[in-house]
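To start, the structure under review is shown below, and the notes come after it.
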Amino acid sequence: MTQNVPHEAPSASPFPPVLTRHAEAETCADPSSVMTLLADSDSTADGFTSYRSSFAKGAVGAPAHFHTKATELFFVISGSLQVLVQEEVTVLEAGDFLAVPPRTPHAFAAAPGCEADVLFVFTPGMGRFDYLRLLGRVMRGEADPKEIAASAERYDNHYVDSPVWRAALEASA
């Protein structure tokens, strides 16, 4: 005999459900990629930040860097993404998932000769959309690259030198 067990009402969520319609999403573009801004920490009570990047062939995504607080999640929707994690370079293919924990140096770019469409999620989130907008302005020559360095603490994005990543980019050029 099956017994009906009453269900407890779920506790209140830390933020309301987030729905971003593709047609209404803000985009940021630079010469080699388009970023579709999906959800930032202001709408998720710092729970997460998410955006989608479509990289053209040969597009360089981000130089070697790390985050002190956030885990960065990558899901390759289509194409191929070359990534550095610590001192290892590998290629993620469509359907591959990568989680990079805090304080782990990493970098990414479209794999040589490939385009890439990638979903990024940061948890916890921390208002990264202004950072992505700044990157676009710098890439288009509308802002000084020094603004990126000056924003490292605000956006938890700390650049590091990686001879391994530089060599991988040079080999694919």
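By order in the structure tokens, chains are A, B, ...; within a chain, residues start at 1; ligands start at 1, following the order shown.
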Fewer than 3 positions away in the same chain doesn't count, so skip those; otherwise give me all residues within 8 Å of segment 163-171 of chain A, counting only C-alpha atoms, as a PDB file with C-alpha atoms, in the first residue's frame.
ATOM      1  CA  PRO A  63      44.856  35.851 -20.948  1.00  0.00           C
ATOM      2  CA  ALA A  64      46.037  33.835 -17.964  1.00  0.00           C
ATOM      3  CA  LEU A  84      44.903  26.638 -19.973  1.00  0.00           C
ATOM      4  CA  GLU A  87      50.160  24.705 -16.579  1.00  0.00           C
ATOM      5  CA  GLU A  88      48.235  22.366 -18.886  1.00  0.00           C
ATOM      6  CA  VAL A  89      46.708  23.354 -22.241  1.00  0.00           C
ATOM      7  CA  ALA A 107      43.000  31.166 -19.843  1.00  0.00           C
TER       8      ALA A 107
END
Do you know which residues are at most 10 Å from segment 53-60 of chain A counting only C-alpha atoms, after dropping those on the same chain fewer than 4 positions away, and could you put them as a VMD selection string?
chain A and resid 27 to 37 76 to 82 107 to 120 169 172 to 173
Might you pull out every residue within 10 Å of Val100 of chain A, with only C-alpha atoms counted and same-chain residues fewer than 4 positions away left off, and present them as an NGL selection string?
:A and (66-67 or 70-74 or 85-86 or 104-106 or 122)
Taking all heavy atoms for each residue, export the selection above as a short mmCIF file (atom, residue, chain, number, x, y, z; two decimals), in the first residue's frame.
data_model
loop_
_atom_site.label_atom_id
_atom_site.label_comp_id
_atom_site.auth_asym_id
_atom_site.auth_seq_id
_atom_site.Cartn_x
_atom_site.Cartn_y
_atom_site.Cartn_z
N PHE A 66 43.29 34.44 -12.64
CA PHE A 66 42.61 33.61 -11.65
C PHE A 66 41.61 34.49 -10.91
O PHE A 66 41.65 35.72 -11.00
CB PHE A 66 43.59 32.94 -10.68
CG PHE A 66 44.34 33.89 -9.80
CD1 PHE A 66 43.85 34.26 -8.55
CD2 PHE A 66 45.56 34.43 -10.21
CE1 PHE A 66 44.54 35.15 -7.74
CE2 PHE A 66 46.26 35.32 -9.40
CZ PHE A 66 45.75 35.69 -8.17
N HIS A 67 40.72 33.84 -10.19
CA HIS A 67 39.74 34.52 -9.34
C HIS A 67 39.98 34.05 -7.91
O HIS A 67 40.26 32.87 -7.69
CB HIS A 67 38.31 34.16 -9.78
CG HIS A 67 38.12 34.28 -11.26
ND1 HIS A 67 38.08 35.49 -11.92
CD2 HIS A 67 38.00 33.33 -12.22
CE1 HIS A 67 37.93 35.27 -13.21
NE2 HIS A 67 37.89 33.97 -13.43
N ALA A 70 35.62 33.27 -6.89
CA ALA A 70 34.66 32.60 -7.76
C ALA A 70 35.21 31.32 -8.40
O ALA A 70 36.38 31.23 -8.74
CB ALA A 70 34.23 33.55 -8.88
N THR A 71 34.31 30.36 -8.54
CA THR A 71 34.56 29.20 -9.39
C THR A 71 34.00 29.58 -10.76
O THR A 71 32.88 30.10 -10.85
CB THR A 71 33.83 27.96 -8.86
OG1 THR A 71 34.41 27.61 -7.59
CG2 THR A 71 33.95 26.78 -9.81
N GLU A 72 34.77 29.34 -11.81
CA GLU A 72 34.33 29.65 -13.17
C GLU A 72 33.99 28.34 -13.88
O GLU A 72 34.80 27.42 -13.92
CB GLU A 72 35.41 30.41 -13.94
CG GLU A 72 34.95 30.88 -15.30
CD GLU A 72 35.93 31.82 -15.99
OE1 GLU A 72 36.99 32.13 -15.40
OE2 GLU A 72 35.63 32.25 -17.11
N LEU A 73 32.77 28.27 -14.39
CA LEU A 73 32.28 27.09 -15.09
C LEU A 73 32.21 27.37 -16.58
O LEU A 73 31.74 28.44 -16.99
CB LEU A 73 30.89 26.71 -14.57
CG LEU A 73 30.73 26.63 -13.05
CD1 LEU A 73 29.27 26.44 -12.68
CD2 LEU A 73 31.59 25.53 -12.48
N PHE A 74 32.66 26.42 -17.38
CA PHE A 74 32.65 26.53 -18.83
C PHE A 74 31.82 25.37 -19.39
O PHE A 74 32.04 24.22 -19.00
CB PHE A 74 34.05 26.33 -19.42
CG PHE A 74 35.08 27.33 -19.01
CD1 PHE A 74 35.61 27.33 -17.71
CD2 PHE A 74 35.59 28.23 -19.92
CE1 PHE A 74 36.59 28.23 -17.35
CE2 PHE A 74 36.58 29.13 -19.56
CZ PHE A 74 37.08 29.14 -18.28
N VAL A 85 44.69 25.40 -17.87
CA VAL A 85 44.33 25.22 -16.47
C VAL A 85 45.62 24.89 -15.74
O VAL A 85 46.26 23.88 -16.04
CB VAL A 85 43.28 24.10 -16.27
CG1 VAL A 85 42.98 23.94 -14.79
CG2 VAL A 85 42.01 24.41 -17.05
N GLN A 86 46.03 25.79 -14.87
CA GLN A 86 47.33 25.75 -14.21
C GLN A 86 48.41 25.80 -15.30
O GLN A 86 48.59 26.83 -15.91
CB GLN A 86 47.43 24.57 -13.26
CG GLN A 86 46.47 24.71 -12.10
CD GLN A 86 46.49 23.56 -11.16
OE1 GLN A 86 46.73 22.42 -11.53
NE2 GLN A 86 46.21 23.85 -9.90
N THR A 104 42.97 29.25 -9.22
CA THR A 104 43.57 28.39 -10.23
C THR A 104 43.81 29.19 -11.50
O THR A 104 42.85 29.65 -12.12
CB THR A 104 42.64 27.20 -10.55
OG1 THR A 104 42.36 26.49 -9.34
CG2 THR A 104 43.27 26.27 -11.56
N PRO A 105 45.07 29.39 -11.90
CA PRO A 105 45.32 30.13 -13.13
C PRO A 105 44.70 29.40 -14.33
O PRO A 105 44.79 28.18 -14.45
CB PRO A 105 46.85 30.14 -13.24
CG PRO A 105 47.33 29.91 -11.85
CD PRO A 105 46.31 29.00 -11.22
N HIS A 106 44.07 30.19 -15.20
CA HIS A 106 43.45 29.64 -16.40
C HIS A 106 43.35 30.71 -17.46
O HIS A 106 43.50 31.90 -17.19
CB HIS A 106 42.06 29.06 -16.09
CG HIS A 106 41.09 30.03 -15.51
ND1 HIS A 106 41.17 30.48 -14.19
CD2 HIS A 106 40.03 30.67 -16.06
CE1 HIS A 106 40.20 31.34 -13.97
NE2 HIS A 106 39.49 31.48 -15.09
N PHE A 122 29.80 32.04 -13.23
CA PHE A 122 30.66 32.33 -12.08
C PHE A 122 29.81 32.19 -10.83
O PHE A 122 28.71 32.74 -10.77
CB PHE A 122 31.20 33.76 -12.13
CG PHE A 122 32.19 34.01 -13.21
CD1 PHE A 122 31.77 34.27 -14.50
CD2 PHE A 122 33.55 33.98 -12.95
CE1 PHE A 122 32.68 34.50 -15.51
CE2 PHE A 122 34.47 34.21 -13.94
CZ PHE A 122 34.04 34.47 -15.23
#
With only C-alpha atoms as the atoms that count, which of A:Ser50, A:Thr20, A:Thr44, A:Thr68 lies nearest to Tyr155 of chain A?
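Looking only at the distances to Tyr155 of chain A, the closest residue turns out to be A:Thr68.
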Distance in Å - atom CA of Gly47 of chain A versus atom CA of Asp96 of chain A:
23.0 Å
For atom CA of Tyr159 of chain A and atom CA of Ala45 of chain A, determine how far apart the two atoms are, in Å to one decimal place.
26.3 Å
Return as a VMD selection string the full set of residues in chain A whose backbone-based DSSP assignment is strand (DSSP E or B).
chain A and resid 26 to 30 33 to 39 49 to 55 60 to 66 71 to 85 88 to 93 97 to 100 106 to 110 116 to 123 158 to 159
Suppose we keep C-alpha atoms; can you now write the selection as a compact mmCIF listing (two decimals), in the first residue's frame?
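This is the output file part-v1.txt:
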# COMPACT_ATOMS: atom_id res chain seq x y z
CA GLU A 26 22.19 42.69 -23.82
CA THR A 27 25.19 41.92 -26.00
CA CYS A 28 28.74 43.23 -25.86
CA ALA A 29 30.94 42.83 -28.89
CA ASP A 30 34.58 43.25 -29.71
CA SER A 33 33.59 37.78 -30.06
CA VAL A 34 30.05 38.53 -29.01
CA MET A 35 29.05 38.17 -25.37
CA THR A 36 25.38 37.71 -24.49
CA LEU A 37 24.78 38.82 -20.91
CA LEU A 38 22.36 36.41 -19.22
CA ALA A 39 22.27 36.94 -15.43
CA THR A 49 26.78 35.44 -12.98
CA SER A 50 26.29 33.92 -16.43
CA TYR A 51 26.97 34.92 -20.00
CA ARG A 52 27.47 33.28 -23.37
CA SER A 53 30.43 34.06 -25.63
CA SER A 54 30.61 33.31 -29.33
CA PHE A 55 34.22 33.41 -30.51
CA VAL A 60 41.71 35.12 -28.10
CA GLY A 61 39.35 34.99 -25.14
CA ALA A 62 41.19 35.79 -21.93
CA PRO A 63 44.86 35.85 -20.95
CA ALA A 64 46.04 33.84 -17.96
CA HIS A 65 44.25 34.92 -14.81
CA PHE A 66 42.61 33.61 -11.65
CA THR A 71 34.56 29.20 -9.39
CA GLU A 72 34.33 29.65 -13.17
CA LEU A 73 32.28 27.09 -15.09
CA PHE A 74 32.65 26.53 -18.83
CA PHE A 75 30.21 24.60 -21.04
CA VAL A 76 31.09 24.39 -24.74
CA ILE A 77 27.87 24.63 -26.73
CA SER A 78 29.55 24.25 -30.11
CA GLY A 79 32.98 24.47 -31.69
CA SER A 80 36.24 24.04 -29.79
CA LEU A 81 37.79 26.06 -26.98
CA GLN A 82 41.49 25.92 -26.12
CA VAL A 83 42.04 26.33 -22.39
CA LEU A 84 44.90 26.64 -19.97
CA VAL A 85 44.33 25.22 -16.47
CA GLU A 88 48.23 22.37 -18.89
CA VAL A 89 46.71 23.35 -22.24
CA THR A 90 43.86 21.27 -23.60
CA VAL A 91 40.98 21.62 -26.04
CA LEU A 92 37.35 21.41 -24.96
CA GLU A 93 34.90 20.19 -27.59
CA PHE A 97 32.26 20.99 -19.20
CA LEU A 98 35.05 22.47 -17.08
CA ALA A 99 34.93 23.88 -13.53
CA VAL A 100 37.92 25.99 -12.48
CA HIS A 106 43.45 29.64 -16.40
CA ALA A 107 43.00 31.17 -19.84
CA PHE A 108 40.95 30.46 -22.95
CA ALA A 109 40.68 31.15 -26.67
CA ALA A 110 38.95 29.65 -29.67
CA ALA A 116 33.59 28.42 -30.17
CA ASP A 117 30.26 29.09 -28.49
CA VAL A 118 30.60 28.83 -24.71
CA LEU A 119 28.36 29.29 -21.68
CA PHE A 120 30.19 30.79 -18.69
CA VAL A 121 28.93 30.77 -15.10
CA PHE A 122 30.66 32.33 -12.08
CA THR A 123 29.64 31.38 -8.58
CA HIS A 158 43.78 38.83 -11.42
CA TYR A 159 46.11 38.46 -14.42
Which of segment 51-162 of chain A DSSP labels helix (DSSP H, G or I), written as a PDB file with C-alpha atoms, in the first residue's frame:
ATOM      1  CA  PHE A 129      28.722  42.622 -16.544  1.00  0.00           C
ATOM      2  CA  ASP A 130      30.436  46.008 -16.135  1.00  0.00           C
ATOM      3  CA  TYR A 131      33.762  44.196 -16.478  1.00  0.00           C
ATOM      4  CA  LEU A 132      32.622  42.528 -19.717  1.00  0.00           C
ATOM      5  CA  ARG A 133      31.429  45.891 -21.043  1.00  0.00           C
ATOM      6  CA  LEU A 134      34.830  47.377 -20.162  1.00  0.00           C
ATOM      7  CA  LEU A 135      36.636  44.568 -22.026  1.00  0.00           C
ATOM      8  CA  GLY A 136      34.597  45.319 -25.133  1.00  0.00           C
ATOM      9  CA  ARG A 137      35.413  49.037 -24.922  1.00  0.00           C
ATOM     10  CA  VAL A 138      39.132  48.298 -24.506  1.00  0.00           C
ATOM     11  CA  MET A 139      39.139  45.855 -27.452  1.00  0.00           C
ATOM     12  CA  LYS A 146      44.946  50.356 -17.643  1.00  0.00           C
ATOM     13  CA  GLU A 147      41.301  50.405 -16.523  1.00  0.00           C
ATOM     14  CA  ILE A 148      41.321  46.597 -16.606  1.00  0.00           C
ATOM     15  CA  ALA A 149      44.332  46.373 -14.289  1.00  0.00           C
ATOM     16  CA  ALA A 150      42.793  48.960 -11.980  1.00  0.00           C
ATOM     17  CA  ALA A 152      41.257  43.595 -10.592  1.00  0.00           C
ATOM     18  CA  GLU A 153      39.932  43.618  -7.017  1.00  0.00           C
ATOM     19  CA  ARG A 154      36.492  44.949  -7.924  1.00  0.00           C
ATOM     20  CA  TYR A 155      35.852  42.155 -10.436  1.00  0.00           C
TER      21      TYR A 155
END
